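Here's entry.pdb, which has PDB, C-alpha atoms and all ligand atoms:
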```pdb
ATOM      1  CA  MET A 270     -47.681   9.443  33.120  1.00  0.00           C
ATOM      2  CA  MET A 271     -46.405   6.168  34.478  1.00  0.00           C
ATOM      3  CA  ASP A 272     -47.533   3.028  32.671  1.00  0.00           C
ATOM      4  CA  GLU A 273     -48.967   0.003  34.436  1.00  0.00           C
ATOM      5  CA  ALA A 274     -45.846  -2.156  34.180  1.00  0.00           C
ATOM      6  CA  GLU A 275     -43.764   0.624  35.657  1.00  0.00           C
ATOM      7  CA  GLN A 276     -46.247   1.144  38.483  1.00  0.00           C
ATOM      8  CA  SER A 277     -46.347  -2.535  39.368  1.00  0.00           C
ATOM      9  CA  ALA A 278     -42.540  -2.733  39.322  1.00  0.00           C
ATOM     10  CA  ARG A 279     -42.447   0.168  41.809  1.00  0.00           C
ATOM     11  CA  GLU A 280     -45.011  -1.505  44.028  1.00  0.00           C
ATOM     12  CA  GLU A 281     -43.042  -4.728  43.955  1.00  0.00           C
ATOM     13  CA  ALA A 282     -39.780  -2.974  44.881  1.00  0.00           C
ATOM     14  CA  ALA A 283     -41.520  -1.124  47.711  1.00  0.00           C
ATOM     15  CA  SER A 284     -43.158  -4.192  49.180  1.00  0.00           C
ATOM     16  CA  LYS A 285     -39.866  -6.065  48.993  1.00  0.00           C
ATOM     17  CA  LEU A 286     -38.261  -3.284  51.006  1.00  0.00           C
ATOM     18  CA  PHE A 287     -41.008  -3.409  53.646  1.00  0.00           C
ATOM     19  CA  SER A 288     -40.760  -7.203  53.868  1.00  0.00           C
ATOM     20  CA  GLY A 289     -37.251  -6.636  55.240  1.00  0.00           C
ATOM     21  CA  PRO A 290     -36.449  -5.113  58.628  1.00  0.00           C
ATOM     22  CA  VAL A 291     -38.853  -2.574  60.129  1.00  0.00           C
ATOM     23  CA  ASP A 292     -38.074  -1.773  63.740  1.00  0.00           C
ATOM     24  CA  PHE A 293     -39.477   0.500  66.390  1.00  0.00           C
ATOM     25  CA  LEU A 294     -36.716   2.975  67.270  1.00  0.00           C
ATOM     26  CA  LEU A 295     -37.960   5.303  69.978  1.00  0.00           C
ATOM     27  CA  SER A 296     -40.815   7.321  71.337  1.00  0.00           C
ATOM     28  CA  ALA A 297     -40.168  11.057  71.770  1.00  0.00           C
ATOM     29  CA  PRO A 298     -42.388  12.861  74.309  1.00  0.00           C
ATOM     30  CA  GLN A 299     -40.422  16.085  73.779  1.00  0.00           C
ATOM     31  CA  LEU A 300     -38.299  17.582  71.022  1.00  0.00           C
ATOM     32  CA  LYS A 301     -35.082  16.968  72.914  1.00  0.00           C
ATOM     33  CA  PHE A 302     -35.668  13.218  72.582  1.00  0.00           C
ATOM     34  CA  LEU A 303     -35.833  13.203  68.773  1.00  0.00           C
ATOM     35  CA  PRO A 304     -33.319  10.898  67.079  1.00  0.00           C
ATOM     36  CA  ASP A 305     -30.420  12.541  65.232  1.00  0.00           C
ATOM     37  CA  PRO A 306     -31.685  13.821  61.879  1.00  0.00           C
ATOM     38  CA  VAL A 307     -29.590  11.462  59.765  1.00  0.00           C
ATOM     39  CA  VAL A 308     -31.987   9.699  57.386  1.00  0.00           C
ATOM     40  CA  PRO A 309     -35.123  10.825  55.488  1.00  0.00           C
ATOM     41  CA  GLU A 310     -38.335  10.832  57.510  1.00  0.00           C
ATOM     42  CA  ILE A 311     -42.003  10.524  56.496  1.00  0.00           C
ATOM     43  CA  ALA A 312     -44.546  11.649  59.098  1.00  0.00           C
ATOM     44  CA  PHE A 313     -48.180  10.592  59.574  1.00  0.00           C
ATOM     45  CA  CYS A 314     -50.525  13.295  60.752  1.00  0.00           C
ATOM     46  CA  GLY A 315     -54.265  13.773  60.961  1.00  0.00           C
ATOM     47  CA  ARG A 316     -57.184  14.052  63.332  1.00  0.00           C
ATOM     48  CA  SER A 317     -57.381  11.818  66.329  1.00  0.00           C
ATOM     49  CA  ASN A 318     -58.745   8.382  65.410  1.00  0.00           C
ATOM     50  CA  VAL A 319     -58.387   8.931  61.634  1.00  0.00           C
ATOM     51  CA  GLY A 320     -56.291   5.772  61.373  1.00  0.00           C
ATOM     52  CA  LYS A 321     -52.630   6.920  61.413  1.00  0.00           C
ATOM     53  CA  SER A 322     -51.282   4.031  63.464  1.00  0.00           C
ATOM     54  CA  SER A 323     -53.390   1.504  61.521  1.00  0.00           C
ATOM     55  CA  LEU A 324     -52.118   2.870  58.198  1.00  0.00           C
ATOM     56  CA  LEU A 325     -48.526   2.645  59.398  1.00  0.00           C
ATOM     57  CA  ASN A 326     -49.130  -0.983  60.370  1.00  0.00           C
ATOM     58  CA  ALA A 327     -50.709  -1.728  56.980  1.00  0.00           C
ATOM     59  CA  LEU A 328     -47.898  -0.061  55.014  1.00  0.00           C
ATOM     60  CA  THR A 329     -45.228  -1.966  56.898  1.00  0.00           C
ATOM     61  CA  GLY A 330     -47.228  -5.204  56.756  1.00  0.00           C
ATOM     62  CA  ARG A 331     -46.954  -5.508  60.564  1.00  0.00           C
ATOM     63  CA  LYS A 332     -50.121  -6.116  62.524  1.00  0.00           C
ATOM     64  CA  ALA A 333     -49.287  -3.956  65.507  1.00  0.00           C
ATOM     65  CA  ILE A 334     -45.885  -2.297  65.229  1.00  0.00           C
ATOM     66  CA  ALA A 335     -47.626   1.040  65.876  1.00  0.00           C
ATOM     67  CA  ARG A 336     -50.259   0.947  68.551  1.00  0.00           C
ATOM     68  CA  ALA A 337     -53.743   1.401  67.154  1.00  0.00           C
ATOM     69  CA  SER A 338     -56.738   1.626  69.395  1.00  0.00           C
ATOM     70  CA  VAL A 339     -60.441   2.230  69.765  1.00  0.00           C
ATOM     71  CA  THR A 340     -59.536   4.909  72.300  1.00  0.00           C
ATOM     72  CA  PRO A 341     -58.892   8.247  70.566  1.00  0.00           C
ATOM     73  CA  GLY A 342     -55.739   9.862  71.822  1.00  0.00           C
ATOM     74  CA  ARG A 343     -53.843   6.627  71.980  1.00  0.00           C
ATOM     75  CA  THR A 344     -50.684   7.879  70.278  1.00  0.00           C
ATOM     76  CA  GLN A 345     -49.218  10.493  72.606  1.00  0.00           C
ATOM     77  CA  GLU A 346     -45.646  10.849  71.426  1.00  0.00           C
ATOM     78  CA  LEU A 347     -43.668  10.961  68.212  1.00  0.00           C
ATOM     79  CA  ASN A 348     -42.943   7.307  67.485  1.00  0.00           C
ATOM     80  CA  PHE A 349     -40.076   6.538  65.121  1.00  0.00           C
ATOM     81  CA  PHE A 350     -39.756   3.371  63.046  1.00  0.00           C
ATOM     82  CA  ASP A 351     -36.623   2.366  61.152  1.00  0.00           C
ATOM     83  CA  VAL A 352     -37.187   0.901  57.700  1.00  0.00           C
ATOM     84  CA  GLY A 353     -34.555  -1.155  55.887  1.00  0.00           C
ATOM     85  CA  ARG A 354     -31.689  -1.636  58.300  1.00  0.00           C
ATOM     86  CA  PRO A 355     -28.609  -2.884  56.429  1.00  0.00           C
ATOM     87  CA  GLU A 356     -26.630  -5.879  57.707  1.00  0.00           C
ATOM     88  CA  GLU A 357     -23.541  -4.080  59.013  1.00  0.00           C
ATOM     89  CA  GLU A 358     -23.483  -3.329  62.702  1.00  0.00           C
ATOM     90  CA  GLY A 359     -24.306   0.305  63.463  1.00  0.00           C
ATOM     91  CA  ALA A 360     -25.492   0.992  59.912  1.00  0.00           C
ATOM     92  CA  LEU A 361     -28.289   3.496  59.477  1.00  0.00           C
ATOM     93  CA  PRO A 362     -31.747   2.502  58.266  1.00  0.00           C
ATOM     94  CA  LEU A 363     -32.788   3.657  54.775  1.00  0.00           C
ATOM     95  CA  PHE A 364     -35.516   5.925  56.149  1.00  0.00           C
ATOM     96  CA  ARG A 365     -37.903   6.406  59.060  1.00  0.00           C
ATOM     97  CA  LEU A 366     -41.668   6.555  59.500  1.00  0.00           C
ATOM     98  CA  VAL A 367     -43.025   8.789  62.258  1.00  0.00           C
ATOM     99  CA  ASP A 368     -46.405   8.117  63.877  1.00  0.00           C
ATOM    100  CA  MET A 369     -47.768  11.199  65.618  1.00  0.00           C
ATOM    101  CA  PRO A 370     -50.508  12.103  68.094  1.00  0.00           C
ATOM    102  CA  GLY A 371     -53.789  13.170  66.520  1.00  0.00           C
ATOM    103  CA  TYR A 372     -55.129  16.693  66.470  1.00  0.00           C
ATOM    104  CA  GLY A 373     -58.662  17.908  67.084  1.00  0.00           C
ATOM    105  CA  PHE A 374     -59.167  15.679  70.070  1.00  0.00           C
ATOM    106  CA  ALA A 375     -61.476  17.405  72.528  1.00  0.00           C
ATOM    107  CA  LYS A 376     -61.613  14.829  75.307  1.00  0.00           C
ATOM    108  CA  ALA A 377     -58.006  14.982  76.513  1.00  0.00           C
ATOM    109  CA  PRO A 378     -57.175  17.732  79.026  1.00  0.00           C
ATOM    110  CA  VAL A 379     -56.505  21.067  77.309  1.00  0.00           C
ATOM    111  CA  LYS A 380     -52.943  21.169  78.633  1.00  0.00           C
ATOM    112  CA  VAL A 381     -52.171  17.750  77.189  1.00  0.00           C
ATOM    113  CA  VAL A 382     -53.631  18.688  73.803  1.00  0.00           C
ATOM    114  CA  GLU A 383     -51.594  21.903  73.788  1.00  0.00           C
ATOM    115  CA  LYS A 384     -48.466  19.906  74.551  1.00  0.00           C
ATOM    116  CA  TRP A 385     -49.078  17.462  71.657  1.00  0.00           C
ATOM    117  CA  LYS A 386     -49.879  20.305  69.317  1.00  0.00           C
ATOM    118  CA  ALA A 387     -46.668  22.154  70.175  1.00  0.00           C
ATOM    119  CA  LEU A 388     -44.638  18.968  69.775  1.00  0.00           C
ATOM    120  CA  VAL A 389     -46.200  18.026  66.417  1.00  0.00           C
ATOM    121  CA  ASN A 390     -46.026  21.557  65.003  1.00  0.00           C
ATOM    122  CA  SER A 391     -42.415  22.164  66.021  1.00  0.00           C
ATOM    123  CA  TYR A 392     -41.400  18.822  64.614  1.00  0.00           C
ATOM    124  CA  LEU A 393     -43.193  19.444  61.294  1.00  0.00           C
ATOM    125  CA  ARG A 394     -41.924  22.998  60.944  1.00  0.00           C
ATOM    126  CA  GLY A 395     -38.335  22.439  61.963  1.00  0.00           C
ATOM    127  CA  ARG A 396     -37.288  18.992  60.848  1.00  0.00           C
ATOM    128  CA  GLN A 397     -34.611  19.160  58.148  1.00  0.00           C
ATOM    129  CA  VAL A 398     -34.858  15.488  57.178  1.00  0.00           C
ATOM    130  CA  LEU A 399     -38.642  15.453  56.859  1.00  0.00           C
ATOM    131  CA  VAL A 400     -39.136  14.663  53.169  1.00  0.00           C
ATOM    132  CA  ARG A 401     -42.912  14.238  53.111  1.00  0.00           C
ATOM    133  CA  THR A 402     -45.900  14.258  55.414  1.00  0.00           C
ATOM    134  CA  LEU A 403     -49.022  12.166  54.974  1.00  0.00           C
ATOM    135  CA  VAL A 404     -52.130  14.104  55.974  1.00  0.00           C
ATOM    136  CA  LEU A 405     -54.826  11.535  56.702  1.00  0.00           C
ATOM    137  CA  VAL A 406     -58.478  12.398  56.216  1.00  0.00           C
ATOM    138  CA  ASP A 407     -61.370  10.122  57.192  1.00  0.00           C
ATOM    139  CA  SER A 408     -63.208   9.312  53.941  1.00  0.00           C
ATOM    140  CA  ARG A 409     -66.531   9.398  55.804  1.00  0.00           C
ATOM    141  CA  HIS A 410     -66.012  12.990  56.904  1.00  0.00           C
ATOM    142  CA  GLY A 411     -63.818  14.653  54.288  1.00  0.00           C
ATOM    143  CA  VAL A 412     -61.540  17.637  54.978  1.00  0.00           C
ATOM    144  CA  LYS A 413     -62.482  19.451  58.203  1.00  0.00           C
ATOM    145  CA  GLU A 414     -61.463  22.875  59.459  1.00  0.00           C
ATOM    146  CA  VAL A 415     -58.650  21.436  61.638  1.00  0.00           C
ATOM    147  CA  ASP A 416     -57.270  19.627  58.587  1.00  0.00           C
ATOM    148  CA  ARG A 417     -57.344  22.845  56.605  1.00  0.00           C
ATOM    149  CA  ALA A 418     -55.423  24.588  59.396  1.00  0.00           C
ATOM    150  CA  MET A 419     -52.814  21.811  59.404  1.00  0.00           C
ATOM    151  CA  MET A 420     -52.453  22.003  55.599  1.00  0.00           C
ATOM    152  CA  LYS A 421     -52.064  25.759  55.788  1.00  0.00           C
ATOM    153  CA  MET A 422     -49.350  25.401  58.394  1.00  0.00           C
ATOM    154  CA  LEU A 423     -47.541  22.861  56.189  1.00  0.00           C
ATOM    155  CA  ASP A 424     -47.953  25.147  53.133  1.00  0.00           C
ATOM    156  CA  GLU A 425     -46.341  27.996  55.063  1.00  0.00           C
ATOM    157  CA  ALA A 426     -43.528  25.780  56.323  1.00  0.00           C
ATOM    158  CA  ALA A 427     -43.002  24.458  52.767  1.00  0.00           C
ATOM    159  CA  VAL A 428     -43.408  20.846  53.899  1.00  0.00           C
ATOM    160  CA  GLY A 429     -44.798  18.761  51.030  1.00  0.00           C
ATOM    161  CA  TYR A 430     -47.664  16.414  51.877  1.00  0.00           C
ATOM    162  CA  ARG A 431     -49.887  13.748  50.387  1.00  0.00           C
ATOM    163  CA  ILE A 432     -53.541  13.663  51.345  1.00  0.00           C
ATOM    164  CA  VAL A 433     -54.640  10.144  52.207  1.00  0.00           C
ATOM    165  CA  LEU A 434     -58.299   9.192  52.595  1.00  0.00           C
ATOM    166  CA  THR A 435     -58.710   6.464  55.219  1.00  0.00           C
ATOM    167  CA  LYS A 436     -61.319   3.827  56.108  1.00  0.00           C
ATOM    168  CA  THR A 437     -62.659   3.599  52.546  1.00  0.00           C
ATOM    169  CA  ASP A 438     -64.124   0.189  53.403  1.00  0.00           C
ATOM    170  CA  LYS A 439     -66.730   2.054  55.446  1.00  0.00           C
ATOM    171  CA  ILE A 440     -68.329   4.002  52.585  1.00  0.00           C
ATOM    172  CA  LYS A 441     -70.093   3.363  49.268  1.00  0.00           C
ATOM    173  CA  ALA A 442     -68.179   3.700  45.995  1.00  0.00           C
ATOM    174  CA  SER A 443     -70.302   6.693  44.937  1.00  0.00           C
ATOM    175  CA  ASP A 444     -69.568   8.507  48.212  1.00  0.00           C
ATOM    176  CA  LEU A 445     -65.880   7.706  47.825  1.00  0.00           C
ATOM    177  CA  ALA A 446     -65.863   9.236  44.355  1.00  0.00           C
ATOM    178  CA  ALA A 447     -67.533  12.391  45.687  1.00  0.00           C
ATOM    179  CA  VAL A 448     -65.242  12.815  48.694  1.00  0.00           C
ATOM    180  CA  THR A 449     -62.189  12.185  46.495  1.00  0.00           C
ATOM    181  CA  GLU A 450     -63.292  14.898  44.090  1.00  0.00           C
ATOM    182  CA  ALA A 451     -63.950  17.368  46.926  1.00  0.00           C
ATOM    183  CA  THR A 452     -60.580  16.548  48.495  1.00  0.00           C
ATOM    184  CA  ALA A 453     -58.776  17.011  45.166  1.00  0.00           C
ATOM    185  CA  ALA A 454     -60.426  20.437  44.864  1.00  0.00           C
ATOM    186  CA  GLU A 455     -59.187  21.283  48.361  1.00  0.00           C
ATOM    187  CA  ALA A 456     -55.675  20.072  47.453  1.00  0.00           C
ATOM    188  CA  ARG A 457     -55.580  22.490  44.518  1.00  0.00           C
ATOM    189  CA  LYS A 458     -55.909  25.362  46.998  1.00  0.00           C
ATOM    190  CA  HIS A 459     -52.762  24.306  48.856  1.00  0.00           C
ATOM    191  CA  VAL A 460     -49.320  24.896  47.409  1.00  0.00           C
ATOM    192  CA  ALA A 461     -47.594  22.078  49.306  1.00  0.00           C
ATOM    193  CA  ALA A 462     -50.280  19.430  48.639  1.00  0.00           C
ATOM    194  CA  HIS A 463     -49.531  16.663  46.142  1.00  0.00           C
ATOM    195  CA  PRO A 464     -52.313  16.546  43.513  1.00  0.00           C
ATOM    196  CA  GLU A 465     -52.920  12.798  43.871  1.00  0.00           C
ATOM    197  CA  ILE A 466     -55.498  11.831  46.501  1.00  0.00           C
ATOM    198  CA  HIS A 467     -54.817   8.384  47.940  1.00  0.00           C
ATOM    199  CA  GLN A 468     -57.790   6.163  48.779  1.00  0.00           C
ATOM    200  CA  THR A 469     -56.901   3.625  51.451  1.00  0.00           C
ATOM    201  CA  SER A 470     -58.300   1.014  53.772  1.00  0.00           C
ATOM    202  CA  ALA A 471     -55.895  -0.322  56.387  1.00  0.00           C
ATOM    203  CA  GLU A 472     -58.546  -2.906  57.175  1.00  0.00           C
ATOM    204  CA  LYS A 473     -59.063  -4.285  53.651  1.00  0.00           C
ATOM    205  CA  GLY A 474     -55.747  -3.314  52.068  1.00  0.00           C
ATOM    206  CA  MET A 475     -57.165  -0.992  49.420  1.00  0.00           C
ATOM    207  CA  GLY A 476     -54.623   1.513  48.080  1.00  0.00           C
ATOM    208  CA  ILE A 477     -51.867   0.274  50.366  1.00  0.00           C
ATOM    209  CA  GLU A 478     -49.491  -0.963  47.659  1.00  0.00           C
ATOM    210  CA  ARG A 479     -49.809   2.242  45.690  1.00  0.00           C
ATOM    211  CA  LEU A 480     -49.189   4.420  48.756  1.00  0.00           C
ATOM    212  CA  ARG A 481     -46.287   2.205  49.802  1.00  0.00           C
ATOM    213  CA  ALA A 482     -44.591   2.783  46.446  1.00  0.00           C
ATOM    214  CA  ALA A 483     -45.211   6.529  46.706  1.00  0.00           C
ATOM    215  CA  VAL A 484     -43.746   6.646  50.218  1.00  0.00           C
ATOM    216  CA  VAL A 485     -40.600   4.779  49.178  1.00  0.00           C
ATOM    217  CA  ALA A 486     -40.156   7.056  46.159  1.00  0.00           C
ATOM    218  CA  ASP A 487     -40.591  10.117  48.416  1.00  0.00           C
ATOM    219  CA  ALA A 488     -38.081   8.785  50.932  1.00  0.00           C
ATOM    220  CA  LEU A 489     -35.410   7.404  48.630  1.00  0.00           C
ATOM    221  CA  GLY A 490     -35.976   9.119  45.292  1.00  0.00           C
ATOM    222  CA  GLU A 491     -37.238   7.794  41.984  1.00  0.00           C
ATOM    223  CA  GLU A 492     -33.754   6.449  41.145  1.00  0.00           C
ATOM    224  CA  TRP A 493     -33.964   3.964  43.983  1.00  0.00           C
ATOM    225  CA  MET A 494     -37.203   2.573  42.544  1.00  0.00           C
ATOM    226  CA  GLY A 495     -35.240   1.437  39.486  1.00  0.00           C
TER     227      GLY A 495
HETATM  228  N1  LIG B 501     -62.990  -0.070  59.151  1.00  0.00           N
HETATM  229  C1  LIG B 501     -61.802   0.474  59.303  1.00  0.00           C
HETATM  230  N2  LIG B 501     -61.383   0.865  60.536  1.00  0.00           N
HETATM  231  C2  LIG B 501     -60.158   1.428  60.643  1.00  0.00           C
HETATM  232  C3  LIG B 501     -59.305   1.616  59.525  1.00  0.00           C
HETATM  233  N3  LIG B 501     -58.170   2.223  59.950  1.00  0.00           N
HETATM  234  C4  LIG B 501     -58.309   2.394  61.282  1.00  0.00           C
HETATM  235  N4  LIG B 501     -59.508   1.916  61.713  1.00  0.00           N
HETATM  236  C5  LIG B 501     -60.016   1.929  63.101  1.00  0.00           C
HETATM  237  O1  LIG B 501     -60.084   3.260  63.585  1.00  0.00           O
HETATM  238  C6  LIG B 501     -59.696   3.338  64.959  1.00  0.00           C
HETATM  239  C7  LIG B 501     -58.564   4.332  65.137  1.00  0.00           C
HETATM  240  O2  LIG B 501     -57.426   3.858  64.467  1.00  0.00           O
HETATM  241  P1  LIG B 501     -55.941   4.332  64.863  1.00  0.00           P
HETATM  242  O3  LIG B 501     -55.042   3.762  63.840  1.00  0.00           O
HETATM  243  O4  LIG B 501     -55.663   4.034  66.287  1.00  0.00           O
HETATM  244  O5  LIG B 501     -56.094   5.910  64.679  1.00  0.00           O
HETATM  245  P2  LIG B 501     -55.008   7.051  65.007  1.00  0.00           P
HETATM  246  O6  LIG B 501     -55.190   8.097  63.985  1.00  0.00           O
HETATM  247  O7  LIG B 501     -53.659   6.451  65.157  1.00  0.00           O
HETATM  248  O8  LIG B 501     -55.548   7.570  66.426  1.00  0.00           O
HETATM  249  P3  LIG B 501     -54.751   8.483  67.515  1.00  0.00           P
HETATM  250  O9  LIG B 501     -53.431   7.856  67.770  1.00  0.00           O
HETATM  251  O10 LIG B 501     -55.669   8.435  68.701  1.00  0.00           O
HETATM  252  O11 LIG B 501     -54.664   9.864  66.965  1.00  0.00           O
HETATM  253  C8  LIG B 501     -59.355   1.914  65.365  1.00  0.00           C
HETATM  254  O12 LIG B 501     -60.474   1.336  65.973  1.00  0.00           O
HETATM  255  C9  LIG B 501     -59.046   1.230  64.043  1.00  0.00           C
HETATM  256  O13 LIG B 501     -59.283  -0.158  64.077  1.00  0.00           O
HETATM  257  C10 LIG B 501     -59.765   1.166  58.236  1.00  0.00           C
HETATM  258  O14 LIG B 501     -59.108   1.274  57.190  1.00  0.00           O
HETATM  259  N5  LIG B 501     -61.015   0.617  58.198  1.00  0.00           N
HETATM  260 MG    MG B 502     -52.315   6.555  66.664  1.00  0.00          MG
END
```

Translate the structure of the given file into structure tokens.
Amino acid sequence: MMDEAEQSAREEAASKLFSGPVDFLLSAPQLKFLPDPVVPEIAFCGRSNVGKSSLLNALTGRKAIARASVTPGRTQELNFFDVGRPEEEGALPLFRLVDMPGYGFAKAPVKVVEKWKALVNSYLRGRQVLVRTLVLVDSRHGVKEVDRAMMKMLDEAAVGYRIVLTKTDKIKASDLAAVTEATAAEARKHVAAHPEIHQTSAEKGMGIERLRAAVVADALGEEWMG
């Protein structure tokens, strides 16, 4: 178990990293437009409107680097963000964050939804440099059938993921405790799920520093954290 001093040192190192360069790289509407797989990647997935783009903004400390919206279905491509670009010209970033379209969105045309689904699933299943996926779950709703299907797919593809509860500012503390417990029980049924359930609010900042440290450790290894 990590002690408090160690945890706060990790959080400090992670926020220092994110206070440096974070740049939008590209938007890939199809697999052939993916960047070369040259640095570790961390992907954000979850139901439409769960708060993927908002969480990415909160983690990077940028208000709107990823486009968040009241309109579900806003993110339609795989959007790549470079984190920690060294000084030298042409140098690679330390790692990348990938914002993805949401699943379980019924209002977009079926063909469009199928296209997103194929893109997201092929990326998640086939990406060599994908070191961790964040599966976001709305804390008001808990794990739904579509989330379970996504987790099962990730289990089968042996892609490790963290389950992140979002929008915790919208529920009571007692409800948050209950949904966290239920989500932890769900996580125990999935081989690729990390046991820790993250509680976050992109709006109020809850849980952001802790998740930021976890993401950096996933991307760069515990050694990097010092
Ligand atoms: N209260 C509250 N609202 C949030 C939070 N995170 C996101 N939202 C709101 O939820 C809505 C959807 O957020 P997005 O970040 O666009 O969600 P998304 O998962 O990227 O959506 P898609 O790209 O459509 O799949 C927006 O209106 C956000 O302002 C949060 O922590 N608290
Ligand atoms: Mg989005």

Inset, instruction - Could you give me, as a PyMOL selection string, the residues within 9 Å of segment 295-310 of chain A, counting all atoms listed in the file and dropping anything in the same chain fewer than 5 positions from it? - result: chain A and resi 345-350+361-367+384-385+388+391-392+396-402+487-489

Legend entry - A:Leu445, A:Met420, A:Leu405, A:Val379 ranked by distance to ligand MG 502 (chain B), top pick (using all atoms listed in the file):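 Under the stated criterion, the closest residue is A:Leu405.
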
Inset, instruction - Fewer than 2 positions away in the same chain doesn't count, so skip those; otherwise give me all residues within 9 Å of Ile466 of chain A, counting all atoms listed in the file, as a list in words. - result: Arg431, Ile432, Val433, Leu434, Thr449, Glu450, Thr452, Ala453, Ala456, His463, Pro464 and Gln468 of chain A

Inset, instruction - Could you please determine the separation between atom N5 of ligand LIG 501 (chain B) and atom CA of Val428 of chain A in Å, to one decimal place? - result: 27.2 Å

Residues up to 6 Å from ligand LIG 501 (chain B), counting only C-alpha atoms and all ligand atoms: could you list those as a tab-separated table (two decimals) with C-alpha atoms, in the frame of the given file?
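Printed below is result-v2.tsv as written:
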```tsv
chain	number	residue	atom	x	y	z
A	317	SER	CA	-57.38	11.82	66.33
A	318	ASN	CA	-58.74	8.38	65.41
A	319	VAL	CA	-58.39	8.93	61.63
A	320	GLY	CA	-56.29	5.77	61.37
A	321	LYS	CA	-52.63	6.92	61.41
A	322	SER	CA	-51.28	4.03	63.46
A	323	SER	CA	-53.39	1.50	61.52
A	337	ALA	CA	-53.74	1.40	67.15
A	338	SER	CA	-56.74	1.63	69.40
A	339	VAL	CA	-60.44	2.23	69.76
A	341	PRO	CA	-58.89	8.25	70.57
A	342	GLY	CA	-55.74	9.86	71.82
A	343	ARG	CA	-53.84	6.63	71.98
A	344	THR	CA	-50.68	7.88	70.28
A	370	PRO	CA	-50.51	12.10	68.09
A	371	GLY	CA	-53.79	13.17	66.52
A	435	THR	CA	-58.71	6.46	55.22
A	436	LYS	CA	-61.32	3.83	56.11
A	438	ASP	CA	-64.12	0.19	53.40
A	439	LYS	CA	-66.73	2.05	55.45
A	470	SER	CA	-58.30	1.01	53.77
A	471	ALA	CA	-55.90	-0.32	56.39
A	472	GLU	CA	-58.55	-2.91	57.18
```

Legend entry - Result set of the PyMOL selection byres (((chain A and resi 283) around 12) and not hetatm) on the coordinates above, as a VMD selection string: chain A and resid 276 to 282 284 to 289 328 to 330 352 to 353 477 to 491 493 to 495

Inset, instruction - Evaluate the PyMOL selection byres (((chain A and resi 426) around 10) and not hetatm) and record the selected residues as a ChimeraX atom specification, following the chain and residue labels used in the document. - result: /A:390,393-395,420-425,427-429,461

Legend entry - Spatial neighbours of Val448 of chain A, 12 Å, all atoms listed in the file, chain gap at least 5 places, as a list in words: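 Answer for this query is Val406, Asp407, Ser408, Arg409, His410, Gly411, Val412, Lys413, Val433, Leu434, Thr435, Thr437, Ile440, Lys441, Ala442, Ser443, Ala453, Ala454, Glu455, Ile466, His467 and Gln468 of chain A.
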
Legend entry - From A:Met419, A:Met271, A:Val404, A:Ala335, residue lying nearest Lys386 of chain A [only C-alpha atoms]: A:Met419

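Taking atom CA of Ala447 of chain A and atom CA of Ile311 of chain A as endpoints, the distance between them is 27.8 Å.
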
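Counting all atoms listed in the file and comparing A:Glu273, A:Ala327, A:Met369, A:Thr469, the residue that lies closest to ligand MG 502 (chain B) is A:Met369.
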
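Proximity to ligand MG 502 (chain B) was assessed for A:Tyr372, A:Pro355, A:Ala274, A:Val291 counting all atoms listed in the file; the smallest distance is recorded for A:Tyr372.
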
Some atoms are missing, so please complete segment 485-495 of chain A with N, CA and C atoms and return it as a tab-separated table (two decimals), keeping the file's coordinate frame.
```tsv
chain	number	residue	atom	x	y	z
A	485	VAL	N	-42.00	5.16	49.42
A	485	VAL	CA	-40.60	4.78	49.18
A	485	VAL	C	-39.95	5.74	48.17
A	486	ALA	N	-40.70	6.11	47.15
A	486	ALA	CA	-40.16	7.06	46.16
A	486	ALA	C	-39.89	8.42	46.81
A	487	ASP	N	-40.79	8.85	47.70
A	487	ASP	CA	-40.59	10.12	48.42
A	487	ASP	C	-39.34	10.05	49.30
A	488	ALA	N	-39.17	8.92	49.96
A	488	ALA	CA	-38.08	8.78	50.93
A	488	ALA	C	-36.73	8.62	50.25
A	489	LEU	N	-36.70	7.80	49.19
A	489	LEU	CA	-35.41	7.40	48.63
A	489	LEU	C	-35.14	7.94	47.23
A	490	GLY	N	-36.15	8.57	46.64
A	490	GLY	CA	-35.98	9.12	45.29
A	490	GLY	C	-36.39	8.12	44.23
A	491	GLU	N	-36.78	8.64	43.08
A	491	GLU	CA	-37.24	7.79	41.98
A	491	GLU	C	-36.14	6.84	41.51
A	492	GLU	N	-34.87	7.29	41.62
A	492	GLU	CA	-33.75	6.45	41.14
A	492	GLU	C	-33.74	5.12	41.87
A	493	TRP	N	-34.00	5.18	43.19
A	493	TRP	CA	-33.96	3.96	43.98
A	493	TRP	C	-34.97	2.94	43.48
A	494	MET	N	-36.12	3.45	42.99
A	494	MET	CA	-37.20	2.57	42.54
A	494	MET	C	-36.81	1.78	41.30
A	495	GLY	N	-35.74	2.17	40.65
A	495	GLY	CA	-35.24	1.44	39.49
A	495	GLY	C	-35.97	1.81	38.21
```
